[in-house]
Structures are given as structure tokens and as C-alpha cells.
Amino acid sequence: DNKKEREAVLVLSDWHYGMTTDNIFNKFDTQICEERIARLITLATERLKLNRVSKLHIVVLGDLIHGAIHVGTRVAAEELVCDQLMQVSELLAQTVYEIAQVVSDTVVYTTYGNHARTIQSKTDSVHRDNLERIVPWWLKERFKNCSNITVQSPSENEFVIIDTCGGAICATHGDLDNIHSTPVLLSNIIQKATGKYIEAFLVGDKHHQESIEKAGVSAIICSSLCG
């Protein structure tokens with residue numbers, strides 16, 4: 001085995017920093033969020049070292065903050081939206097930095113969710129007018145002197161293409177996508193536009209884990225940190 005050929009993909013989705021909930025199914029607040037992030041760092045670094053990974057792709061699927069898109073969202077939040085964004089951007093930077101210490105090369109890809117949109121109404125909002133688009137800008141500033149960490153510039157749309165292990169993966173938040181139909185449609189569009197064959201389609205948003213396969217394309221709903 002050649003260590004230089006070992007790659008891994010780590011997906012970070014739906015942290016919803018700032019959300020508070022306490023019920024029979026789940027308890028969550030900013031402190032618990034930070035505790036879960038610490039556990040995530042421990043598990044990720046252990047697995048990366050165990051599998052002798054040299055290149056890591058970190059994919060951030062959005063909804064890092066809980067935002068204020070609904071009245072209920074604003075009530076069930078510990079911090080103001082701007083504070084949520086500032087705090088979680090730094091938490092994400094620290095997470096990436098710590099995990100990156102156990103591999104030679106780390107590449108970070110980001111997209112945005114729906115909870116950080118600037119207009120509450122889904123029908124009236126412009127999808128790209130989203131506060132989470134600030135996150136990659138902050139990461140680039142934080143890591144501009146780190147030669148082993150690269151933050152990819154976000155595309156003009158919400159879709160991210162990751163080239164890894166000789167193949168390609170497409171990732172997006174998933175709030176506008178149907179897990180049963182979008183992957184096949186998108187893989188065909190991307191293949192025609194770029195010549196890249198999409199092997200897997202990653203989405204978040206739904207807060208549970210699920211996977212299906214259609215026409216040779218794996219569609220994976222990634223679980224949330226807040227769930």
C-alpha cells in the first residue's frame with residue numbers, strides 16, 4: 001500500500017449552532033454542540049491515523065447555524081444570528097485545523113444551507129443571498145499561512161464537485177433536492193458539462209442518515225450534528 005494514495009472524505013453537516021432543544025428524543029444547545037464537535041475530532045483523527053490517510057477532503061454541507069428563518073427558530077436560539085455565525089466559523093476553523101494535523105494534505109469544500117438565508121420567506125428569498133457564504137472567506141483568512149490546508153473557493157451555485165480516489169462526488173445541502181430523482185439528473189448534467197462521472201451524491205438537511213442507489217449513482221443523506 002502506498003500511503004500517498006490513501007484519501008478520505010469527511011462530511012460536516014447541520015450543526016445548527018445556536019439551536020436549543022430538550023425533549024425525549026434529544027437535548028441540544030451550544031455547549032452540547034461543542035462537546036459533540038470535540039467527540040467528532042477525536043473519532044475522525046483516530047480513523048485517519050488507523051487507515052494511514054494522507055489526503056483528507058472535508059465537505060461542509062451547510063446549516064452550520066440555526067439562523068432566524070422562522071419565528072420558532074428565533075425563539076429557540078441561544079444567540080443572535082451574527083453571533084452564531086461568528087462563533088461557528090471559528091469553531092469550524094479550529095475543527096479543520098485539529099483534524100488536519102494527522103494528514104499531509106487537507107482540502108475544504110463548502111456550500112450553504114437554508115437556515116442562514118437573509119429573507120425569512122422561502123418564496124421571496126434569493127437562494128445565494130446567504131450568510132453562510134461568509135464561512136469560506138473566514139476559513140481562507142485563517143488558513144492563509146497553513147501550507148497543508150487548502151480552502152476551495154465556493155462555486156457560484158450551491159453544488160460542490162470533489163475529485164477523490166480517481167472518481168468524483170457531488171455535494172449540496174439538499175433543501176431543494178429530491179434524493180430519489182436529483183442524483184441521476186445531476187450526474188447526467190455534470191457529465192455532459194464537465195466529462196466527470198459522478199459516483200456519489202451527498203446531501204444534508206434531512207437530519208437523518210439514508211442511502212439509495214440508482215443507475216449506478218449512490219445518493220447519501222448525511223446525518224446531522226444537532227440530531
# chains A, B, ... in the order shown; residues from 1 in each chain; ligands from 1
call {"tool": "residues_around", "arguments": {"residues": "Asp177 in chain A", "least_positions_apart": "4", "cutoff": "12 Å", "atoms": "only C-alpha atoms", "output": "ChimeraX atom specification"}}
result
/A:113,158-159,171-173,181-186,201-206,219,221
call {"tool": "select_by_dssp", "arguments": {"residues": "chain A", "states": "strand (DSSP E)", "output": "PyMOL selection string"}}
result
chain A and resi 7-12+21-22+27-28+55-60+105-110+149-151+160-164+167-171+198-203+210-214+217-221
call {"tool": "write_last_selection", "arguments": {"atoms": "N, CA and C atoms", "output": "short mmCIF file (atom, residue, chain, number, x, y, z; two decimals), in the first residue's frame"}}
result
data_model
loop_
_atom_site.label_atom_id
_atom_site.label_comp_id
_atom_site.auth_asym_id
_atom_site.auth_seq_id
_atom_site.Cartn_x
_atom_site.Cartn_y
_atom_site.Cartn_z
N GLU A 7 -6.82 8.34 0.51
CA GLU A 7 -7.64 9.53 0.65
C GLU A 7 -8.90 9.21 1.46
N ALA A 8 -9.47 10.22 2.07
CA ALA A 8 -10.71 10.06 2.83
C ALA A 8 -11.58 11.30 2.66
N VAL A 9 -12.88 11.11 2.87
CA VAL A 9 -13.84 12.21 2.80
C VAL A 9 -14.56 12.31 4.14
N LEU A 10 -14.53 13.49 4.74
CA LEU A 10 -15.24 13.75 5.99
C LEU A 10 -16.33 14.78 5.71
N VAL A 11 -17.57 14.44 6.03
CA VAL A 11 -18.71 15.32 5.77
C VAL A 11 -19.17 15.95 7.08
N LEU A 12 -19.30 17.27 7.08
CA LEU A 12 -19.81 18.02 8.24
C LEU A 12 -21.12 18.68 7.83
N THR A 21 -32.84 22.68 22.24
CA THR A 21 -33.96 21.74 22.29
C THR A 21 -33.73 20.80 23.47
N ASP A 22 -34.81 20.40 24.10
CA ASP A 22 -34.72 19.48 25.24
C ASP A 22 -36.01 18.69 25.30
N LYS A 27 -31.37 16.40 23.41
CA LYS A 27 -31.07 17.64 24.12
C LYS A 27 -29.91 18.30 23.40
N PHE A 28 -30.04 19.60 23.10
CA PHE A 28 -29.01 20.26 22.31
C PHE A 28 -28.96 21.74 22.65
N LYS A 55 -4.39 12.23 2.45
CA LYS A 55 -5.13 13.37 1.92
C LYS A 55 -6.58 13.30 2.37
N LEU A 56 -7.05 14.39 2.97
CA LEU A 56 -8.41 14.43 3.51
C LEU A 56 -9.22 15.51 2.80
N HIS A 57 -10.42 15.14 2.38
CA HIS A 57 -11.38 16.09 1.81
C HIS A 57 -12.46 16.34 2.86
N ILE A 58 -12.57 17.57 3.34
CA ILE A 58 -13.61 17.93 4.31
C ILE A 58 -14.70 18.69 3.56
N VAL A 59 -15.91 18.15 3.59
CA VAL A 59 -17.04 18.72 2.86
C VAL A 59 -18.04 19.28 3.86
N VAL A 60 -18.27 20.59 3.81
CA VAL A 60 -19.20 21.26 4.72
C VAL A 60 -20.51 21.50 3.97
N ASP A 105 -2.26 16.48 3.74
CA ASP A 105 -2.93 17.46 2.88
C ASP A 105 -4.42 17.45 3.18
N THR A 106 -4.99 18.63 3.44
CA THR A 106 -6.42 18.75 3.70
C THR A 106 -7.03 19.78 2.76
N VAL A 107 -8.13 19.41 2.12
CA VAL A 107 -8.84 20.31 1.23
C VAL A 107 -10.25 20.48 1.77
N VAL A 108 -10.70 21.74 1.91
CA VAL A 108 -12.01 22.03 2.48
C VAL A 108 -12.93 22.58 1.39
N TYR A 109 -14.13 22.03 1.31
CA TYR A 109 -15.15 22.45 0.35
C TYR A 109 -16.37 22.90 1.14
N THR A 110 -17.00 23.99 0.74
CA THR A 110 -18.16 24.49 1.48
C THR A 110 -19.33 24.79 0.55
N ILE A 149 -3.30 23.09 4.36
CA ILE A 149 -4.76 23.23 4.32
C ILE A 149 -5.15 24.15 3.17
N THR A 150 -6.01 23.65 2.28
CA THR A 150 -6.49 24.43 1.15
C THR A 150 -8.00 24.58 1.26
N VAL A 151 -8.48 25.81 1.17
CA VAL A 151 -9.93 26.06 1.18
C VAL A 151 -10.35 26.39 -0.24
N VAL A 160 -21.05 21.37 -5.09
CA VAL A 160 -19.61 21.22 -4.96
C VAL A 160 -19.21 19.90 -5.60
N ILE A 161 -18.14 19.93 -6.38
CA ILE A 161 -17.61 18.71 -7.00
C ILE A 161 -16.27 18.37 -6.35
N ILE A 162 -16.15 17.15 -5.85
CA ILE A 162 -14.92 16.71 -5.19
C ILE A 162 -14.30 15.59 -6.01
N ASP A 163 -13.07 15.78 -6.46
CA ASP A 163 -12.32 14.73 -7.15
C ASP A 163 -11.52 13.95 -6.12
N THR A 164 -11.81 12.66 -5.98
CA THR A 164 -11.11 11.85 -4.99
C THR A 164 -11.07 10.39 -5.41
N GLY A 167 -12.26 9.24 -8.78
CA GLY A 167 -13.65 9.47 -9.16
C GLY A 167 -14.10 10.86 -8.75
N ALA A 168 -15.40 11.10 -8.83
CA ALA A 168 -15.95 12.42 -8.49
C ALA A 168 -17.21 12.27 -7.64
N ILE A 169 -17.36 13.18 -6.68
CA ILE A 169 -18.51 13.23 -5.81
C ILE A 169 -19.16 14.60 -5.94
N CYS A 170 -20.49 14.65 -5.93
CA CYS A 170 -21.21 15.92 -5.94
C CYS A 170 -21.87 16.10 -4.57
N ALA A 171 -21.75 17.30 -4.02
CA ALA A 171 -22.33 17.57 -2.70
C ALA A 171 -23.11 18.88 -2.72
N ILE A 198 -20.13 11.21 -11.96
CA ILE A 198 -20.41 11.35 -10.53
C ILE A 198 -20.77 9.98 -9.95
N GLU A 199 -19.95 9.53 -8.99
CA GLU A 199 -20.19 8.24 -8.36
C GLU A 199 -21.12 8.32 -7.15
N ALA A 200 -21.09 9.47 -6.48
CA ALA A 200 -21.91 9.62 -5.27
C ALA A 200 -22.42 11.05 -5.15
N PHE A 201 -23.57 11.18 -4.55
CA PHE A 201 -24.24 12.46 -4.36
C PHE A 201 -24.51 12.62 -2.87
N LEU A 202 -23.93 13.65 -2.23
CA LEU A 202 -24.05 13.84 -0.79
C LEU A 202 -24.97 15.02 -0.48
N VAL A 203 -25.91 14.84 0.43
CA VAL A 203 -26.77 15.93 0.87
C VAL A 203 -26.94 15.86 2.38
N GLU A 210 -29.44 8.12 5.43
CA GLU A 210 -30.14 7.26 4.48
C GLU A 210 -29.31 7.17 3.20
N SER A 211 -29.37 6.05 2.53
CA SER A 211 -28.66 5.94 1.26
C SER A 211 -29.45 5.07 0.30
N ILE A 212 -29.41 5.44 -0.97
CA ILE A 212 -30.03 4.66 -2.03
C ILE A 212 -29.06 4.63 -3.21
N GLU A 213 -29.34 3.77 -4.16
CA GLU A 213 -28.52 3.73 -5.37
C GLU A 213 -29.44 3.59 -6.58
N LYS A 214 -29.22 4.47 -7.56
CA LYS A 214 -29.99 4.44 -8.80
C LYS A 214 -29.06 4.67 -9.97
N VAL A 217 -25.47 5.46 -9.35
CA VAL A 217 -25.11 6.64 -8.56
C VAL A 217 -25.63 6.44 -7.13
N SER A 218 -24.71 6.51 -6.17
CA SER A 218 -25.10 6.41 -4.76
C SER A 218 -25.55 7.77 -4.26
N ALA A 219 -26.72 7.83 -3.66
CA ALA A 219 -27.24 9.06 -3.07
C ALA A 219 -27.27 8.88 -1.55
N ILE A 220 -26.57 9.76 -0.84
CA ILE A 220 -26.40 9.59 0.60
C ILE A 220 -26.88 10.84 1.34
N ILE A 221 -27.86 10.65 2.24
CA ILE A 221 -28.25 11.71 3.15
C ILE A 221 -27.35 11.58 4.38
#
call {"tool": "select_by_dssp", "arguments": {"residues": "range 163-204 of chain A", "states": "alpha helix (DSSP H)", "output": "VMD selection string"}}
result
chain A and resid 182 to 194
call {"tool": "atom_distance", "arguments": {"atom1": "CA of Val102 in chain A", "atom2": "CA of Arg39 in chain A"}}
result
15.8 Å
call {"tool": "closest_residue", "arguments": {"among": "A:Tyr112, A:Trp15, A:Trp137, A:Tyr197", "to": "Leu91 in chain A", "atoms": "only C-alpha atoms"}}
result
A:Trp15
call {"tool": "residues_around", "arguments": {"residues": "Cys146 in chain A", "least_positions_apart": "6", "cutoff": "12 Å", "atoms": "only C-alpha atoms", "output": "ChimeraX atom specification"}}
result
/A:93,96-97,100-101,104-107,139-140
call {"tool": "closest_residue", "arguments": {"among": "A:Glu35, A:His16, A:Val103, A:Glu79", "to": "Lys49 in chain A", "atoms": "only C-alpha atoms"}}
result
A:Val103
